[in-house]
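The next block is query_18.tsv, given as TSV, C-alpha atoms and all ligand atoms.
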```tsv
chain	number	residue	atom	x	y	z
A	1	MET	CA	0.00	0.00	0.00
A	2	THR	CA	2.83	2.35	0.87
A	3	ALA	CA	6.10	3.02	-0.91
A	4	PRO	CA	8.54	0.11	-0.75
A	5	ALA	CA	11.54	0.66	1.49
A	6	SER	CA	14.76	1.02	-0.40
A	7	VAL	CA	17.09	-1.83	0.43
A	8	ALA	CA	19.86	0.67	1.20
A	9	THR	CA	17.84	2.51	3.87
A	10	ALA	CA	16.01	-0.48	5.36
A	11	PRO	CA	16.89	-1.21	8.99
A	12	PRO	CA	18.69	-4.58	9.32
A	13	PRO	CA	16.39	-7.43	10.40
A	14	LEU	CA	16.24	-8.05	14.15
A	15	ALA	CA	15.38	-11.26	15.96
A	16	ASN	CA	14.11	-11.80	19.47
A	17	LEU	CA	15.14	-15.25	20.66
A	18	ASP	CA	13.70	-16.18	24.06
A	19	GLY	CA	13.68	-12.52	25.05
A	20	GLN	CA	17.10	-11.50	23.68
A	21	ILE	CA	17.17	-9.04	20.80
A	22	VAL	CA	19.94	-9.88	18.33
A	23	PRO	CA	20.63	-9.27	14.63
A	24	LEU	CA	18.67	-11.93	12.75
A	25	ALA	CA	21.85	-13.32	11.17
A	26	GLU	CA	23.16	-14.09	14.67
A	27	ALA	CA	20.12	-15.97	16.02
A	28	ARG	CA	21.04	-19.65	16.60
A	29	ILE	CA	18.65	-22.59	17.08
A	30	PRO	CA	19.85	-25.85	18.72
A	31	ALA	CA	20.10	-28.85	16.37
A	32	LEU	CA	17.85	-30.89	18.69
A	33	ASP	CA	15.05	-28.35	18.55
A	34	ARG	CA	11.83	-30.20	17.74
A	35	GLY	CA	10.73	-27.47	15.37
A	36	PHE	CA	13.83	-28.18	13.29
A	37	LEU	CA	13.63	-32.01	13.60
A	38	PHE	CA	9.86	-32.60	13.29
A	39	GLY	CA	8.19	-29.33	12.40
A	40	ASP	CA	6.81	-29.55	15.96
A	41	ALA	CA	6.04	-25.85	15.94
A	42	VAL	CA	3.51	-23.18	15.07
A	43	TYR	CA	3.96	-19.71	13.63
A	44	GLU	CA	2.38	-16.39	12.71
A	45	VAL	CA	3.18	-13.62	10.25
A	46	LEU	CA	2.02	-10.05	10.87
A	47	ARG	CA	2.28	-7.00	8.65
A	48	LEU	CA	3.42	-3.64	10.01
A	49	TYR	CA	2.01	-0.52	8.38
A	50	ALA	CA	3.92	2.64	9.38
A	51	GLY	CA	5.53	0.64	12.18
A	52	ARG	CA	2.27	-0.61	13.66
A	53	PRO	CA	1.22	-4.26	13.72
A	54	TRP	CA	-1.97	-4.72	11.72
A	55	LEU	CA	-4.73	-7.02	13.09
A	56	GLU	CA	-2.48	-7.82	16.02
A	57	TYR	CA	-5.24	-9.12	18.24
A	58	ASP	CA	-6.42	-11.66	15.63
A	59	HIS	CA	-2.91	-12.93	14.96
A	60	PHE	CA	-2.17	-13.48	18.66
A	61	GLU	CA	-5.55	-15.11	19.18
A	62	ARG	CA	-4.81	-17.54	16.32
A	63	LEU	CA	-1.32	-18.17	17.72
A	64	ALA	CA	-2.81	-19.10	21.10
A	65	ARG	CA	-5.25	-21.43	19.33
A	66	SER	CA	-2.47	-23.07	17.28
A	67	LEU	CA	-0.41	-23.59	20.45
A	68	SER	CA	-3.26	-25.23	22.32
A	69	SER	CA	-4.19	-27.34	19.24
A	70	ILE	CA	-0.78	-29.03	19.28
A	71	ARG	CA	-0.53	-28.92	23.08
A	72	ILE	CA	2.45	-26.64	23.51
A	73	ASP	CA	1.84	-25.38	27.04
A	74	GLY	CA	3.41	-22.69	29.14
A	75	VAL	CA	3.84	-19.95	26.54
A	76	ASP	CA	3.02	-16.49	27.82
A	77	VAL	CA	1.46	-15.03	24.67
A	78	GLU	CA	1.09	-11.60	26.27
A	79	ARG	CA	4.83	-11.52	27.07
A	80	LEU	CA	5.52	-12.53	23.47
A	81	ARG	CA	3.41	-9.63	22.26
A	82	ARG	CA	5.43	-7.23	24.43
A	83	ARG	CA	8.65	-8.67	23.02
A	84	MET	CA	7.34	-8.10	19.53
A	85	HIS	CA	6.72	-4.42	20.30
A	86	GLU	CA	10.18	-4.03	21.89
A	87	THR	CA	11.83	-5.56	18.83
A	88	ILE	CA	9.87	-3.36	16.42
A	89	ALA	CA	10.90	-0.28	18.43
A	90	ALA	CA	14.55	-1.38	18.58
A	91	GLY	CA	14.81	-1.35	14.77
A	92	SER	CA	12.51	1.60	13.95
A	93	PHE	CA	10.70	-0.61	11.43
A	94	GLN	CA	8.00	0.93	9.24
A	95	GLU	CA	6.78	-1.22	6.33
A	96	ALA	CA	7.73	-4.61	7.65
A	97	THR	CA	6.68	-8.10	8.61
A	98	VAL	CA	6.97	-9.92	11.93
A	99	TYR	CA	7.51	-13.67	11.87
A	100	ILE	CA	6.83	-15.53	15.14
A	101	GLN	CA	7.59	-19.19	15.70
A	102	ILE	CA	7.15	-21.27	18.84
A	103	THR	CA	8.56	-24.78	18.94
A	104	ARG	CA	8.13	-27.47	21.58
A	105	GLY	CA	11.81	-26.94	22.43
A	106	SER	CA	14.91	-29.15	22.50
A	107	ALA	CA	15.09	-32.75	23.79
A	108	PRO	CA	16.67	-36.09	22.80
A	109	ARG	CA	15.13	-37.10	19.47
A	110	ALA	CA	11.93	-39.12	20.03
A	111	TYR	CA	8.44	-38.54	18.64
A	112	ALA	CA	6.43	-38.42	21.88
A	113	PHE	CA	6.42	-35.13	23.79
A	114	PRO	CA	9.50	-34.81	26.05
A	115	ALA	CA	8.79	-34.78	29.79
A	116	ALA	CA	10.66	-31.51	30.24
A	117	ALA	CA	11.31	-29.22	27.33
A	118	MET	CA	11.10	-25.47	27.32
A	119	PRO	CA	9.27	-24.04	24.30
A	120	LEU	CA	11.58	-21.98	22.11
A	121	GLU	CA	10.19	-18.53	21.32
A	122	LEU	CA	11.59	-16.84	18.24
A	123	LEU	CA	10.37	-13.79	16.44
A	124	PHE	CA	11.99	-11.60	13.85
A	125	VAL	CA	11.13	-8.31	12.20
A	126	GLN	CA	12.25	-7.32	8.73
A	127	GLU	CA	11.42	-4.64	6.19
A	128	PHE	CA	8.83	-5.73	3.65
A	129	ILE	CA	9.51	-5.22	-0.04
A	130	ASP	CA	6.07	-5.75	-1.53
A	131	PRO	CA	6.16	-8.34	-4.35
A	132	TYR	CA	2.41	-8.05	-5.07
A	133	ARG	CA	2.18	-4.33	-5.88
A	134	GLU	CA	1.80	-4.73	-9.65
A	135	ALA	CA	-0.42	-7.83	-9.51
A	136	ARG	CA	-2.74	-6.11	-7.05
A	137	ARG	CA	-3.48	-3.61	-9.84
A	138	THR	CA	-3.50	-5.90	-12.87
A	139	GLY	CA	-4.39	-9.33	-11.45
A	140	ALA	CA	-2.27	-12.41	-10.81
A	141	ARG	CA	-1.84	-15.58	-12.83
A	142	VAL	CA	-2.17	-18.79	-10.79
A	143	ILE	CA	-2.11	-22.55	-11.35
A	144	LEU	CA	-3.99	-25.45	-9.77
A	145	GLN	CA	-2.17	-28.08	-7.73
A	146	PRO	CA	-3.40	-31.11	-5.74
A	147	ASP	CA	-3.73	-30.38	-2.03
A	148	ILE	CA	-1.37	-32.98	-0.56
A	149	ARG	CA	-1.29	-31.42	2.93
A	150	TRP	CA	-2.43	-33.02	6.18
A	151	GLY	CA	-5.88	-33.07	7.82
A	152	ARG	CA	-5.35	-30.09	10.15
A	153	CYS	CA	-4.64	-27.19	7.83
A	154	ASP	CA	-6.51	-24.99	10.31
A	155	ILE	CA	-3.45	-25.12	12.58
A	156	LYS	CA	-0.75	-22.70	11.48
A	157	SER	CA	2.03	-25.26	11.82
A	158	THR	CA	5.47	-25.01	10.27
A	159	ASN	CA	4.91	-28.28	8.35
A	160	LEU	CA	4.66	-26.53	5.01
A	161	LEU	CA	6.16	-28.99	2.53
A	162	GLY	CA	2.87	-29.38	0.60
A	163	ASN	CA	2.68	-25.58	0.33
A	164	VAL	CA	6.37	-25.27	-0.59
A	165	LEU	CA	6.20	-27.82	-3.42
A	166	ALA	CA	3.00	-26.36	-4.90
A	167	MET	CA	4.41	-22.82	-4.72
A	168	GLN	CA	7.65	-23.90	-6.39
A	169	THR	CA	5.66	-25.42	-9.27
A	170	ALA	CA	3.78	-22.11	-9.62
A	171	ARG	CA	7.08	-20.18	-9.70
A	172	GLU	CA	8.53	-22.45	-12.35
A	173	VAL	CA	5.69	-21.57	-14.72
A	174	GLY	CA	5.79	-17.85	-13.91
A	175	CYS	CA	2.69	-17.78	-11.66
A	176	LEU	CA	2.24	-15.94	-8.36
A	177	GLU	CA	0.31	-18.62	-6.49
A	178	ALA	CA	-1.03	-22.18	-6.67
A	179	LEU	CA	-4.64	-22.91	-5.74
A	180	LEU	CA	-4.98	-26.25	-4.00
A	181	TYR	CA	-7.73	-28.79	-4.70
A	182	LEU	CA	-8.82	-31.98	-2.96
A	183	PRO	CA	-9.42	-35.28	-4.82
A	184	ASP	CA	-13.16	-34.46	-5.12
A	185	GLY	CA	-12.38	-31.19	-6.91
A	186	THR	CA	-13.01	-28.90	-3.92
A	187	LEU	CA	-10.73	-25.86	-3.92
A	188	THR	CA	-9.38	-25.25	-0.45
A	189	GLU	CA	-7.06	-22.21	-0.55
A	190	GLY	CA	-3.77	-20.97	-1.98
A	191	THR	CA	-0.38	-22.03	-0.63
A	192	HIS	CA	-0.26	-18.85	1.46
A	193	THR	CA	-3.57	-17.16	0.71
A	194	SER	CA	-7.31	-17.60	1.26
A	195	LEU	CA	-9.53	-17.89	-1.81
A	196	PHE	CA	-12.67	-15.93	-2.75
A	197	GLY	CA	-14.83	-16.15	-5.87
A	198	VAL	CA	-17.75	-14.08	-7.13
A	199	HIS	CA	-20.77	-15.73	-8.72
A	200	ASP	CA	-23.96	-13.85	-9.61
A	201	GLY	CA	-22.83	-10.91	-7.47
A	202	CYS	CA	-22.35	-13.14	-4.42
A	203	LEU	CA	-19.01	-13.60	-2.69
A	204	LEU	CA	-18.09	-17.26	-2.16
A	205	THR	CA	-15.39	-18.63	0.10
A	206	ALA	CA	-14.70	-21.99	1.71
A	207	PRO	CA	-16.20	-22.35	5.21
A	208	SER	CA	-13.82	-22.48	8.13
A	209	THR	CA	-13.05	-26.22	8.49
A	210	PRO	CA	-9.85	-28.20	9.23
A	211	SER	CA	-9.13	-28.09	5.45
A	212	ILE	CA	-8.21	-24.40	5.46
A	213	LEU	CA	-6.35	-21.91	7.57
A	214	PRO	CA	-8.75	-19.43	9.18
A	215	GLY	CA	-7.07	-16.45	7.52
A	216	VAL	CA	-6.92	-13.26	9.53
A	217	THR	CA	-7.35	-11.29	6.28
A	218	ARG	CA	-10.20	-13.61	5.23
A	219	LYS	CA	-11.98	-12.71	8.47
A	220	LEU	CA	-11.48	-8.99	7.83
A	221	ILE	CA	-12.75	-9.34	4.25
A	222	LEU	CA	-15.91	-11.06	5.47
A	223	ARG	CA	-16.45	-8.09	7.78
A	224	LEU	CA	-15.75	-5.57	5.01
A	225	ALA	CA	-18.09	-7.44	2.64
A	226	ALA	CA	-20.88	-7.11	5.22
A	227	GLN	CA	-20.07	-3.41	5.59
A	228	GLU	CA	-20.14	-2.99	1.77
A	229	ARG	CA	-23.40	-4.95	1.59
A	230	VAL	CA	-21.87	-7.62	-0.65
A	231	PRO	CA	-23.77	-10.89	-0.10
A	232	VAL	CA	-21.56	-13.75	1.09
A	233	ARG	CA	-21.98	-17.51	1.06
A	234	GLU	CA	-19.43	-19.57	2.97
A	235	GLU	CA	-19.42	-22.67	0.81
A	236	PRO	CA	-16.61	-24.53	-0.91
A	237	LEU	CA	-15.60	-23.47	-4.41
A	238	ARG	CA	-15.03	-26.28	-6.90
A	239	ARG	CA	-12.65	-26.63	-9.82
A	240	ASP	CA	-15.53	-27.18	-12.26
A	241	GLN	CA	-17.11	-23.88	-11.11
A	242	LEU	CA	-14.14	-21.73	-12.04
A	243	ALA	CA	-15.34	-21.00	-15.60
A	244	GLN	CA	-18.61	-19.59	-14.21
A	245	LEU	CA	-17.01	-17.15	-11.77
A	246	SER	CA	-16.99	-13.49	-12.73
A	247	GLU	CA	-14.21	-12.67	-10.26
A	248	LEU	CA	-11.63	-14.48	-8.21
A	249	PHE	CA	-9.26	-13.05	-5.64
A	250	LEU	CA	-6.87	-14.09	-2.90
A	251	THR	CA	-6.29	-12.59	0.49
A	252	GLY	CA	-3.38	-12.77	2.90
A	253	THR	CA	-1.33	-10.76	5.35
A	254	THR	CA	1.28	-9.79	2.76
A	255	SER	CA	-0.81	-10.08	-0.42
A	256	GLU	CA	-3.78	-8.10	1.05
A	257	VAL	CA	-6.54	-8.36	-1.61
A	258	LEU	CA	-5.01	-9.82	-4.76
A	259	PRO	CA	-7.16	-10.18	-7.89
A	260	VAL	CA	-6.67	-13.30	-10.03
A	261	ARG	CA	-6.85	-12.74	-13.78
A	262	GLU	CA	-5.95	-16.22	-15.02
A	263	VAL	CA	-6.18	-19.77	-13.66
A	264	GLU	CA	-4.20	-22.37	-15.60
A	265	TYR	CA	-4.09	-19.98	-18.61
A	266	ASN	CA	-7.90	-19.53	-18.58
A	267	GLN	CA	-9.12	-15.97	-18.11
A	268	VAL	CA	-11.29	-15.30	-15.06
A	269	GLY	CA	-14.42	-13.29	-15.92
A	270	ALA	CA	-13.51	-10.29	-18.08
A	271	GLY	CA	-9.81	-10.68	-17.19
A	272	ASP	CA	-9.39	-7.37	-15.40
A	273	PRO	CA	-9.98	-7.17	-11.65
A	274	GLY	CA	-13.76	-7.02	-11.19
A	275	PRO	CA	-15.94	-4.47	-9.36
A	276	ILE	CA	-16.42	-6.45	-6.13
A	277	THR	CA	-12.69	-7.16	-5.88
A	278	ARG	CA	-11.98	-3.44	-6.43
A	279	ARG	CA	-14.54	-2.43	-3.81
A	280	LEU	CA	-13.01	-4.76	-1.26
A	281	GLN	CA	-9.49	-3.58	-2.12
A	282	GLN	CA	-10.64	-0.01	-1.46
A	283	ALA	CA	-12.40	-1.00	1.74
A	284	TYR	CA	-9.19	-2.73	2.87
A	285	GLU	CA	-7.14	0.40	2.16
A	286	GLN	CA	-9.66	2.52	4.05
A	287	ALA	CA	-9.51	0.14	7.01
A	288	VAL	CA	-5.71	0.45	7.14
A	289	LYS	CA	-5.94	4.25	6.85
A	290	ALA	CA	-8.45	4.38	9.69
A	291	PHE	CA	-6.17	2.15	11.80
A	292	LEU	CA	-3.21	4.48	11.23
A	293	LYS	CA	-5.13	7.68	12.14
A	301	LIG	C1	-2.31	-21.80	3.81
A	301	LIG	C2	-2.65	-20.37	4.07
A	301	LIG	N1	-3.90	-19.96	3.85
A	301	LIG	C3	-4.25	-18.67	4.06
A	301	LIG	C4	-3.32	-17.74	4.48
A	301	LIG	C5	-3.75	-16.31	4.70
A	301	LIG	O1	-3.86	-16.07	6.08
A	301	LIG	P1	-3.70	-14.63	6.70
A	301	LIG	O2	-4.74	-13.77	6.07
A	301	LIG	O3	-3.92	-14.85	8.15
A	301	LIG	O4	-2.32	-14.17	6.36
A	301	LIG	C6	-2.01	-18.15	4.76
A	301	LIG	C7	-1.03	-17.19	5.24
A	301	LIG	O5	0.14	-17.42	5.24
A	301	LIG	C8	-1.66	-19.50	4.54
A	301	LIG	O6	-0.42	-19.95	4.78
```
Could the structure of this file be written out as structure tokens, please?
Amino acid sequence: MTAPASVATAPPPLANLDGQIVPLAEARIPALDRGFLFGDAVYEVLRLYAGRPWLEYDHFERLARSLSSIRIDGVDVERLRRRMHETIAAGSFQEATVYIQITRGSAPRAYAFPAAAMPLELLFVQEFIDPYREARRTGARVILQPDIRWGRCDIKSTNLLGNVLAMQTAREVGCLEALLYLPDGTLTEGTHTSLFGVHDGCLLTAPSTPSILPGVTRKLILRLAAQERVPVREEPLRRDQLAQLSELFLTGTTSEVLPVREVEYNQVGAGDPGPITRRLQQAYEQAVKAFLK
């Protein structure tokens, strides 16, 4: 939304590892950390606008839910939030992202939970160079990929191999995102975005089930759609419905509201970002402006 930071003037990324602020390049994780060995960890990504964390409450609420879903106990989420603010202030960050990851901690390598392990609490803040700026205006090209992820995609866990492989395939064919589908043809979401379609003037998006991440931006967009009096139906989109959609867009913390112009080389609707997508993009921008006032 705002001008990209020049790489030359961007503050260097800072990490906060268990309460210690250090340059990100100096943060060290033990080899026996269960996040590293098993992906036994959860995470969050927040966007800072003008140095202020956007939708902070929702992100920390989802983090607490992810932690309890995989039974990592004893994390003081409020203390973590304070650490985040201290780290942002220490680097004078403006347009930036915050990555937070909590692992079950270090212990001799065995699958079952260790009797005594201290969760590892890492966060880092870095300037955000927006890769979606142009596509937000003109629309993105995306591909379809099978959703090979696990049955609890509602937990924001660091097990992201299904997302990584699908995204890499998208990159290799010059696309910005891969939309994931289940064997029955249901579209779940993008590798790092929530999915919305428009049919007959009605906004469609998958209901919140274990098959999708409950996106923080998705939640905001549902609120903005209500405010804009755009009718919404929370029902799954299907692959065979794509040709009938007049608009398609993605939402996410870094992508914001990202129109899709082409799926697998087939044009969506009239090709250009449609009127409902534009309205919601504007409503999003207004919401950020109001937040920064
Ligand atoms: C799989 C997946 N779906 C949706 C999203 C969008 O969620 P949010 O709006 O909270 O960034 C993400 C974000 O990274 C994601 O990884």
### Summary
Min atom-atom distance to ligand LIG 301 (chain A) from the set A:Leu46, A:Leu187, A:Leu237, A:Val173, counting all atoms listed in the file, belongs to A:Leu46
### Query
Which of these, A:Gln286, A:Thr205, A:Ser255, A:Gln126, has the shortest distance to A:Ala96 once you count only C-alpha atoms?
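Residue with the minimum atom-to-atom distance to A:Ala96: A:Gln126.
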#### Entry: All residues 9 Å or closer to A:Leu63, all atoms listed in the file, same chain fewer than 3 positions away omitted, as a PyMOL selection string
chain A and resi 42-44+58-60+66-68+77+100+155-156
### Message
Under the rule that only C-alpha atoms and all ligand atoms are counted, which of A:Trp54, A:Thr87, A:Pro259, A:Arg229 is the nearest residue to ligand LIG 301 (chain A)?
### Response
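Smallest distance to ligand LIG 301 (chain A) is found for A:Trp54.
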### Message
Neighbouring residues of ligand LIG 301 (chain A) are defined here as those with any atom at most 7 Å from a ligand atom, counting all atoms listed in the file; list them as number ranges by chain.
### Response
A: 45, 189-194, 212-218, 251-254
### Message
Would you pick out the contacts of A:Val230 at 9 Å or less, using all atoms listed in the file, so that residues sharing its chain but fewer than 5 positions from it are not included, and give the list as a list in words?
### Response
Gly201, Cys202, Leu203, Leu224, Ala225 and Ile276 of chain A
How would the residues just picked look written out with C-alpha atoms as a PDB file, keeping the file's coordinate frame?
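Listing of again11.pdb after writing:
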```pdb
ATOM      1  CA  GLY A 201     -22.830 -10.910  -7.470  1.00  0.00           C
ATOM      2  CA  CYS A 202     -22.350 -13.140  -4.420  1.00  0.00           C
ATOM      3  CA  LEU A 203     -19.010 -13.600  -2.690  1.00  0.00           C
ATOM      4  CA  LEU A 224     -15.750  -5.570   5.010  1.00  0.00           C
ATOM      5  CA  ALA A 225     -18.090  -7.440   2.640  1.00  0.00           C
ATOM      6  CA  ILE A 276     -16.420  -6.450  -6.130  1.00  0.00           C
TER       7      ILE A 276
END
```
### Closest of A:Ala116, A:Ala270, A:Ala15, A:Leu122 to A:Gly35 - atom-to-atom distances counting all atoms listed in the file
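Of the candidates, the smallest distance to A:Gly35 is held by A:Leu122.
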### Task
Can you work out which one of A:Arg81, A:Arg171, A:Arg52, A:His199 has the shortest atom-to-atom distance to A:Lys289, counting all atoms listed in the file?
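Checking each of A:Arg81, A:Arg171, A:Arg52, A:His199 against A:Lys289, counting all atoms listed in the file, the winner is A:Arg52.
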### Message
Counting only C-alpha atoms, which residue out of A:Gln244, A:Thr169, A:Gln227, A:Ser69 sits closest to A:Ser157?
### Response
A:Ser69
### Query
So which residues touch A:Arg141 within 8 Å, counting all atoms listed in the file, skipping near sequence neighbours fewer than 2 positions away, as number ranges by chain?
A: 139, 143, 175-177, 260-265
### Query
Quick one, how far is atom CA of A:Ala50 from atom CA of A:Asp130?
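Result for atom CA of A:Ala50 versus atom CA of A:Asp130: 13.9 Å, one decimal.
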### For A:Ala290: contacts at 12 Å, all atoms listed in the file, fewer than 6 positions along chain excluded, given as JSON, numbers by chain
{"A": [49, 54, 283, 284]}
#### Entry: One-decimal distance in Å that lies between atom CA of A:Leu250 and atom CA of A:Val268
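Separation between atom CA of A:Val268 and atom CA of A:Leu250: 13.0 Å.
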### Message
Report, in Å to a single decimal, how far apart atom CA of A:Glu121 and atom CA of A:Arg109 are.
### Response
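These two atoms are separated by 19.3 Å.
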Missing atoms in stretch 61-70 of chain A should be modelled up to all heavy atoms and reported as a compact mmCIF listing (two decimals), in the frame of the given file.
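File out.txt, as written:
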```txt
# COMPACT_ATOMS: atom_id res chain seq x y z
N GLU A 61 -4.47 -14.16 18.83
CA GLU A 61 -5.55 -15.11 19.18
C GLU A 61 -5.34 -16.43 18.41
O GLU A 61 -5.45 -17.52 18.96
CB GLU A 61 -6.89 -14.48 18.82
CG GLU A 61 -8.07 -15.31 19.24
CD GLU A 61 -9.37 -14.66 18.79
OE1 GLU A 61 -9.57 -14.49 17.57
OE2 GLU A 61 -10.18 -14.32 19.65
N ARG A 62 -5.02 -16.32 17.11
CA ARG A 62 -4.81 -17.54 16.32
C ARG A 62 -3.57 -18.27 16.80
O ARG A 62 -3.54 -19.51 16.82
CB ARG A 62 -4.70 -17.19 14.83
CG ARG A 62 -4.60 -18.43 13.95
CD ARG A 62 -4.70 -18.09 12.47
NE ARG A 62 -3.60 -17.27 12.03
CZ ARG A 62 -3.48 -16.76 10.81
NH1 ARG A 62 -4.43 -16.98 9.91
NH2 ARG A 62 -2.45 -16.01 10.48
N LEU A 63 -2.53 -17.52 17.21
CA LEU A 63 -1.32 -18.17 17.72
C LEU A 63 -1.65 -18.99 18.98
O LEU A 63 -1.22 -20.15 19.12
CB LEU A 63 -0.24 -17.12 18.03
CG LEU A 63 1.08 -17.67 18.58
CD1 LEU A 63 1.75 -18.58 17.55
CD2 LEU A 63 2.02 -16.53 18.96
N ALA A 64 -2.43 -18.40 19.87
CA ALA A 64 -2.81 -19.10 21.10
C ALA A 64 -3.60 -20.37 20.76
O ALA A 64 -3.39 -21.44 21.35
CB ALA A 64 -3.62 -18.18 22.00
N ARG A 65 -4.45 -20.27 19.75
CA ARG A 65 -5.25 -21.43 19.33
C ARG A 65 -4.36 -22.51 18.71
O ARG A 65 -4.51 -23.70 19.00
CB ARG A 65 -6.30 -20.95 18.33
CG ARG A 65 -7.20 -22.01 17.80
CD ARG A 65 -8.23 -21.42 16.84
NE ARG A 65 -8.94 -22.47 16.15
CZ ARG A 65 -8.48 -23.10 15.08
NH1 ARG A 65 -7.32 -22.77 14.54
NH2 ARG A 65 -9.18 -24.06 14.53
N SER A 66 -3.40 -22.10 17.88
CA SER A 66 -2.47 -23.07 17.28
C SER A 66 -1.67 -23.78 18.38
O SER A 66 -1.50 -25.00 18.34
CB SER A 66 -1.49 -22.37 16.33
OG SER A 66 -2.15 -21.83 15.23
N LEU A 67 -1.19 -23.00 19.36
CA LEU A 67 -0.41 -23.59 20.45
C LEU A 67 -1.23 -24.63 21.20
O LEU A 67 -0.76 -25.74 21.46
CB LEU A 67 0.06 -22.49 21.42
CG LEU A 67 1.20 -21.59 20.92
CD1 LEU A 67 1.32 -20.35 21.79
CD2 LEU A 67 2.52 -22.36 20.88
N SER A 68 -2.46 -24.27 21.54
CA SER A 68 -3.26 -25.23 22.32
C SER A 68 -3.66 -26.42 21.44
O SER A 68 -3.76 -27.54 21.94
CB SER A 68 -4.44 -24.56 23.00
OG SER A 68 -5.45 -24.32 22.08
N SER A 69 -3.82 -26.22 20.13
CA SER A 69 -4.19 -27.34 19.24
C SER A 69 -3.11 -28.41 19.20
O SER A 69 -3.42 -29.58 19.01
CB SER A 69 -4.43 -26.85 17.81
OG SER A 69 -5.45 -25.90 17.78
N ILE A 70 -1.84 -28.00 19.30
CA ILE A 70 -0.78 -29.03 19.28
C ILE A 70 -0.19 -29.25 20.69
O ILE A 70 0.85 -29.88 20.84
CB ILE A 70 0.32 -28.74 18.23
CG1 ILE A 70 1.17 -27.53 18.57
CG2 ILE A 70 -0.27 -28.60 16.83
CD1 ILE A 70 2.48 -27.49 17.77
```
